[in-house]
Amino acid sequence: MADKKVRYLKSIEIDTKAERYCRFRKKGFKYIDYKDPDFLLMLCNPQGKILPRRLTGTSLKYQRKASQAIKKARHLALMPYVADNLN
Amino acid sequence: MNRYETVFIMTPVLSADQVTETVEKYRALIIANGGKTVHEDAWGLRKLAYPIQKKSTGFYHLIEWEAEGSAVLPFETEFRRDERILRFLTTAMEKHHIAYAESRRDKSNRKAEPKQEAEVVVEMPKKEASTTEEKA
């Protein structure tokens, strides 16, 4: 048994401790406003792209609403389609 | 009857009179199509996030209105024909959207009206703080 392989009974917990939650579900949002660009910026990266669900933890229902809101805000020039340094 | 919300952007070239004139035109158009306006909000001159028709600013105006669904198409056609309009967006309001808009209106009304009450509220915690200090 020269090459002992390390085996674990449980899967190792690496960075899985931080619990993800949907911020809209937690705060009881019913509607996401497209006229509030400052809030919608939180869901965008510095280039103005919409952040994916796997990074923000938003549930599918609200991700859909949020992305629609962001797209409406872009159409009305409240938010940029492309940017260099947001946030 | 459905409720709709329209936001449109007018060119910054217009004078204040011309802005009110354009808004009045669309207000009249809603009534002509058998609807009524519920709420209006002029955001004024705002900077655009990106240039539209080589303009970097525009007059934003929001109208919340009620009408039959058939009134939307002639309303939007008029926006497309109008050279003073840079952009417009009409959204049908579902119940959560209406509730959100109304609660927000209530909040802004409350802030605008009772200033004296707010001052009284500020005084209250001060008294409590002083009493706790005495106890300590």
# chains A, B, ... in the order shown; residues from 1 in each chain; ligands from 1

call {"tool": "closest_atom_pairs", "arguments": {"of": "chain B", "to": "chain A", "cutoff": "10 Å", "atoms": "only C-alpha atoms", "output": "tab-separated table"}}
result
residue	atom	partner	partner_atom	distance
B:Val7	CA	A:Leu76	CA	8.0
B:Phe8	CA	A:Leu76	CA	7.9
B:Ile9	CA	A:Leu76	CA	7.8
B:Arg46	CA	A:Leu78	CA	9.2
B:Lys47	CA	A:Leu78	CA	8.4
B:Leu48	CA	A:Ala77	CA	5.2
B:Ala49	CA	A:Ala77	CA	4.9
B:Tyr50	CA	A:Pro80	CA	6.1
B:Pro51	CA	A:Ala77	CA	8.3
B:Ile52	CA	A:Ala77	CA	8.3
B:Ser56	CA	A:Ala77	CA	9.8
B:Thr57	CA	A:Ala77	CA	9.7
B:Gly58	CA	A:Ala77	CA	9.8
B:Tyr60	CA	A:Leu76	CA	9.3
B:Leu86	CA	A:Leu76	CA	9.4
B:Arg87	CA	A:Leu76	CA	6.6
B:Phe88	CA	A:Leu76	CA	7.1
B:Leu89	CA	A:Leu76	CA	7.2
B:Thr90	CA	A:Lys72	CA	10.0
B:Thr91	CA	A:Lys72	CA	9.5
B:Glu94	CA	A:Tyr31	CA	9.3
B:Lys95	CA	A:Tyr31	CA	9.3
B:His96	CA	A:Tyr31	CA	5.8
B:His97	CA	A:Tyr31	CA	5.9
B:Ile98	CA	A:Tyr31	CA	9.3
B:Ala99	CA	A:Tyr31	CA	8.9
B:Tyr100	CA	A:Tyr31	CA	7.0
B:Ala101	CA	A:Asp33	CA	9.2

call {"tool": "select_by_dssp", "arguments": {"residues": "segment 24-83 of chain A", "states": "alpha helix (DSSP H)", "output": "list of chain:residue names"}}
result
A:Phe24, A:Arg25, A:Lys26, A:Lys27, A:Pro37, A:Asp38, A:Phe39, A:Leu40, A:Arg53, A:Arg54, A:Leu55, A:Thr56, A:Leu60, A:Lys61, A:Tyr62, A:Gln63, A:Arg64, A:Lys65, A:Ala66, A:Ser67, A:Gln68, A:Ala69, A:Ile70, A:Lys71, A:Lys72, A:Ala73, A:Arg74, A:His75

call {"tool": "write_last_selection", "arguments": {"atoms": "N, CA and C atoms", "output": "short mmCIF file (atom, residue, chain, number, x, y, z; two decimals), in the first residue's frame"}}
result
data_model
loop_
_atom_site.label_atom_id
_atom_site.label_comp_id
_atom_site.auth_asym_id
_atom_site.auth_seq_id
_atom_site.Cartn_x
_atom_site.Cartn_y
_atom_site.Cartn_z
N PHE A 24 -34.61 38.94 -3.93
CA PHE A 24 -35.98 39.42 -4.19
C PHE A 24 -36.99 38.62 -3.39
N ARG A 25 -36.75 37.31 -3.33
CA ARG A 25 -37.65 36.44 -2.58
C ARG A 25 -37.56 36.76 -1.09
N LYS A 26 -36.34 37.03 -0.62
CA LYS A 26 -36.12 37.29 0.80
C LYS A 26 -36.82 38.57 1.25
N LYS A 27 -36.75 39.60 0.38
CA LYS A 27 -37.34 40.89 0.76
C LYS A 27 -38.79 41.02 0.33
N PRO A 37 -32.68 52.81 -12.31
CA PRO A 37 -31.44 52.26 -12.84
C PRO A 37 -30.37 52.00 -11.78
N ASP A 38 -30.39 52.80 -10.70
CA ASP A 38 -29.37 52.62 -9.66
C ASP A 38 -29.47 51.25 -9.01
N PHE A 39 -30.71 50.81 -8.83
CA PHE A 39 -30.91 49.48 -8.24
C PHE A 39 -30.52 48.39 -9.23
N LEU A 40 -30.90 48.56 -10.49
CA LEU A 40 -30.64 47.53 -11.49
C LEU A 40 -29.14 47.37 -11.77
N ARG A 53 -27.43 34.10 -12.92
CA ARG A 53 -28.06 33.65 -11.69
C ARG A 53 -27.09 32.95 -10.77
N ARG A 54 -26.14 32.24 -11.36
CA ARG A 54 -25.22 31.46 -10.53
C ARG A 54 -24.30 32.36 -9.72
N LEU A 55 -24.17 33.62 -10.11
CA LEU A 55 -23.35 34.55 -9.32
C LEU A 55 -24.19 35.36 -8.33
N THR A 56 -25.39 35.75 -8.71
CA THR A 56 -26.19 36.60 -7.82
C THR A 56 -27.07 35.79 -6.90
N LEU A 60 -35.08 31.84 -10.47
CA LEU A 60 -35.38 31.97 -11.91
C LEU A 60 -36.50 32.97 -12.17
N LYS A 61 -37.54 32.89 -11.34
CA LYS A 61 -38.70 33.77 -11.52
C LYS A 61 -38.29 35.24 -11.52
N TYR A 62 -37.42 35.61 -10.56
CA TYR A 62 -37.04 37.01 -10.44
C TYR A 62 -35.93 37.39 -11.40
N GLN A 63 -35.10 36.42 -11.78
CA GLN A 63 -34.08 36.70 -12.79
C GLN A 63 -34.74 37.10 -14.10
N ARG A 64 -35.84 36.42 -14.42
CA ARG A 64 -36.58 36.73 -15.64
C ARG A 64 -37.12 38.15 -15.57
N LYS A 65 -37.73 38.49 -14.42
CA LYS A 65 -38.29 39.83 -14.26
C LYS A 65 -37.20 40.89 -14.29
N ALA A 66 -36.08 40.59 -13.62
CA ALA A 66 -34.99 41.56 -13.54
C ALA A 66 -34.40 41.81 -14.92
N SER A 67 -34.21 40.73 -15.70
CA SER A 67 -33.58 40.92 -17.01
C SER A 67 -34.51 41.71 -17.93
N GLN A 68 -35.82 41.49 -17.80
CA GLN A 68 -36.77 42.28 -18.59
C GLN A 68 -36.69 43.75 -18.19
N ALA A 69 -36.61 44.00 -16.88
CA ALA A 69 -36.53 45.37 -16.39
C ALA A 69 -35.28 46.06 -16.89
N ILE A 70 -34.16 45.35 -16.89
CA ILE A 70 -32.90 45.93 -17.34
C ILE A 70 -32.99 46.27 -18.83
N LYS A 71 -33.60 45.37 -19.59
CA LYS A 71 -33.71 45.60 -21.03
C LYS A 71 -34.61 46.79 -21.34
N LYS A 72 -35.67 46.97 -20.54
CA LYS A 72 -36.53 48.14 -20.71
C LYS A 72 -35.76 49.41 -20.37
N ALA A 73 -34.99 49.35 -19.29
CA ALA A 73 -34.22 50.52 -18.86
C ALA A 73 -33.19 50.90 -19.92
N ARG A 74 -32.62 49.90 -20.59
CA ARG A 74 -31.65 50.17 -21.65
C ARG A 74 -32.33 50.86 -22.82
N HIS A 75 -33.51 50.40 -23.17
CA HIS A 75 -34.23 50.99 -24.29
C HIS A 75 -34.51 52.46 -24.05
#

call {"tool": "decode", "arguments": {"residues": "segment 17-86 of chain B", "atoms": "C-alpha atoms", "output": "PDB file, in the first residue's frame"}}
result
ATOM      1  CA  ASP B  17     -43.823  75.763 -23.812  1.00  0.00           C
ATOM      2  CA  GLN B  18     -43.238  73.264 -26.599  1.00  0.00           C
ATOM      3  CA  VAL B  19     -42.733  70.497 -24.034  1.00  0.00           C
ATOM      4  CA  THR B  20     -46.070  71.204 -22.336  1.00  0.00           C
ATOM      5  CA  GLU B  21     -47.665  71.443 -25.780  1.00  0.00           C
ATOM      6  CA  THR B  22     -46.393  67.990 -26.823  1.00  0.00           C
ATOM      7  CA  VAL B  23     -47.480  66.442 -23.535  1.00  0.00           C
ATOM      8  CA  GLU B  24     -50.901  68.055 -23.920  1.00  0.00           C
ATOM      9  CA  LYS B  25     -51.186  66.535 -27.389  1.00  0.00           C
ATOM     10  CA  TYR B  26     -50.737  62.991 -26.074  1.00  0.00           C
ATOM     11  CA  ARG B  27     -52.999  63.641 -23.117  1.00  0.00           C
ATOM     12  CA  ALA B  28     -55.722  64.702 -25.559  1.00  0.00           C
ATOM     13  CA  LEU B  29     -55.011  61.657 -27.731  1.00  0.00           C
ATOM     14  CA  ILE B  30     -55.668  59.291 -24.828  1.00  0.00           C
ATOM     15  CA  ILE B  31     -59.032  60.950 -24.184  1.00  0.00           C
ATOM     16  CA  ALA B  32     -59.830  60.891 -27.910  1.00  0.00           C
ATOM     17  CA  ASN B  33     -59.249  57.121 -27.908  1.00  0.00           C
ATOM     18  CA  GLY B  34     -61.731  56.669 -25.071  1.00  0.00           C
ATOM     19  CA  GLY B  35     -59.277  56.476 -22.182  1.00  0.00           C
ATOM     20  CA  LYS B  36     -58.244  58.627 -19.252  1.00  0.00           C
ATOM     21  CA  THR B  37     -54.979  59.596 -17.588  1.00  0.00           C
ATOM     22  CA  VAL B  38     -54.457  58.307 -14.059  1.00  0.00           C
ATOM     23  CA  HIS B  39     -51.143  59.883 -13.174  1.00  0.00           C
ATOM     24  CA  GLU B  40     -48.434  62.002 -14.741  1.00  0.00           C
ATOM     25  CA  ASP B  41     -44.847  62.650 -13.860  1.00  0.00           C
ATOM     26  CA  ALA B  42     -42.442  64.992 -15.623  1.00  0.00           C
ATOM     27  CA  TRP B  43     -38.870  63.912 -14.894  1.00  0.00           C
ATOM     28  CA  GLY B  44     -37.520  66.946 -16.712  1.00  0.00           C
ATOM     29  CA  LEU B  45     -34.255  67.184 -18.611  1.00  0.00           C
ATOM     30  CA  ARG B  46     -32.145  64.094 -17.998  1.00  0.00           C
ATOM     31  CA  LYS B  47     -28.865  62.846 -19.308  1.00  0.00           C
ATOM     32  CA  LEU B  48     -29.164  59.822 -21.608  1.00  0.00           C
ATOM     33  CA  ALA B  49     -27.017  56.773 -20.948  1.00  0.00           C
ATOM     34  CA  TYR B  50     -26.023  56.772 -24.625  1.00  0.00           C
ATOM     35  CA  PRO B  51     -26.636  59.261 -27.455  1.00  0.00           C
ATOM     36  CA  ILE B  52     -29.906  58.934 -29.413  1.00  0.00           C
ATOM     37  CA  GLN B  53     -30.131  60.826 -32.723  1.00  0.00           C
ATOM     38  CA  LYS B  54     -26.910  62.568 -31.689  1.00  0.00           C
ATOM     39  CA  LYS B  55     -28.593  64.047 -28.593  1.00  0.00           C
ATOM     40  CA  SER B  56     -27.098  63.398 -25.165  1.00  0.00           C
ATOM     41  CA  THR B  57     -30.026  64.740 -23.099  1.00  0.00           C
ATOM     42  CA  GLY B  58     -33.809  64.590 -23.285  1.00  0.00           C
ATOM     43  CA  PHE B  59     -37.046  65.558 -21.550  1.00  0.00           C
ATOM     44  CA  TYR B  60     -38.528  62.485 -19.882  1.00  0.00           C
ATOM     45  CA  HIS B  61     -42.243  62.262 -19.261  1.00  0.00           C
ATOM     46  CA  LEU B  62     -44.326  59.477 -17.736  1.00  0.00           C
ATOM     47  CA  ILE B  63     -48.063  59.003 -18.263  1.00  0.00           C
ATOM     48  CA  GLU B  64     -50.124  56.357 -16.537  1.00  0.00           C
ATOM     49  CA  TRP B  65     -53.415  55.846 -18.346  1.00  0.00           C
ATOM     50  CA  GLU B  66     -56.402  53.588 -18.664  1.00  0.00           C
ATOM     51  CA  ALA B  67     -58.008  52.541 -21.939  1.00  0.00           C
ATOM     52  CA  GLU B  68     -59.104  49.601 -24.027  1.00  0.00           C
ATOM     53  CA  GLY B  69     -56.298  47.612 -25.624  1.00  0.00           C
ATOM     54  CA  SER B  70     -57.238  48.847 -29.091  1.00  0.00           C
ATOM     55  CA  ALA B  71     -56.207  52.390 -28.103  1.00  0.00           C
ATOM     56  CA  VAL B  72     -52.522  51.468 -27.784  1.00  0.00           C
ATOM     57  CA  LEU B  73     -51.739  51.075 -31.468  1.00  0.00           C
ATOM     58  CA  PRO B  74     -52.946  54.522 -32.674  1.00  0.00           C
ATOM     59  CA  PHE B  75     -51.273  56.058 -29.611  1.00  0.00           C
ATOM     60  CA  GLU B  76     -47.906  54.503 -30.456  1.00  0.00           C
ATOM     61  CA  THR B  77     -48.218  55.283 -34.167  1.00  0.00           C
ATOM     62  CA  GLU B  78     -48.433  58.945 -33.237  1.00  0.00           C
ATOM     63  CA  PHE B  79     -45.162  58.635 -31.308  1.00  0.00           C
ATOM     64  CA  ARG B  80     -43.442  57.083 -34.310  1.00  0.00           C
ATOM     65  CA  ARG B  81     -44.585  59.908 -36.581  1.00  0.00           C
ATOM     66  CA  ASP B  82     -43.616  62.663 -34.174  1.00  0.00           C
ATOM     67  CA  GLU B  83     -40.142  64.071 -34.764  1.00  0.00           C
ATOM     68  CA  ARG B  84     -40.019  65.598 -31.293  1.00  0.00           C
ATOM     69  CA  ILE B  85     -39.997  62.136 -29.700  1.00  0.00           C
ATOM     70  CA  LEU B  86     -36.668  60.338 -29.370  1.00  0.00           C
TER      71      LEU B  86
END
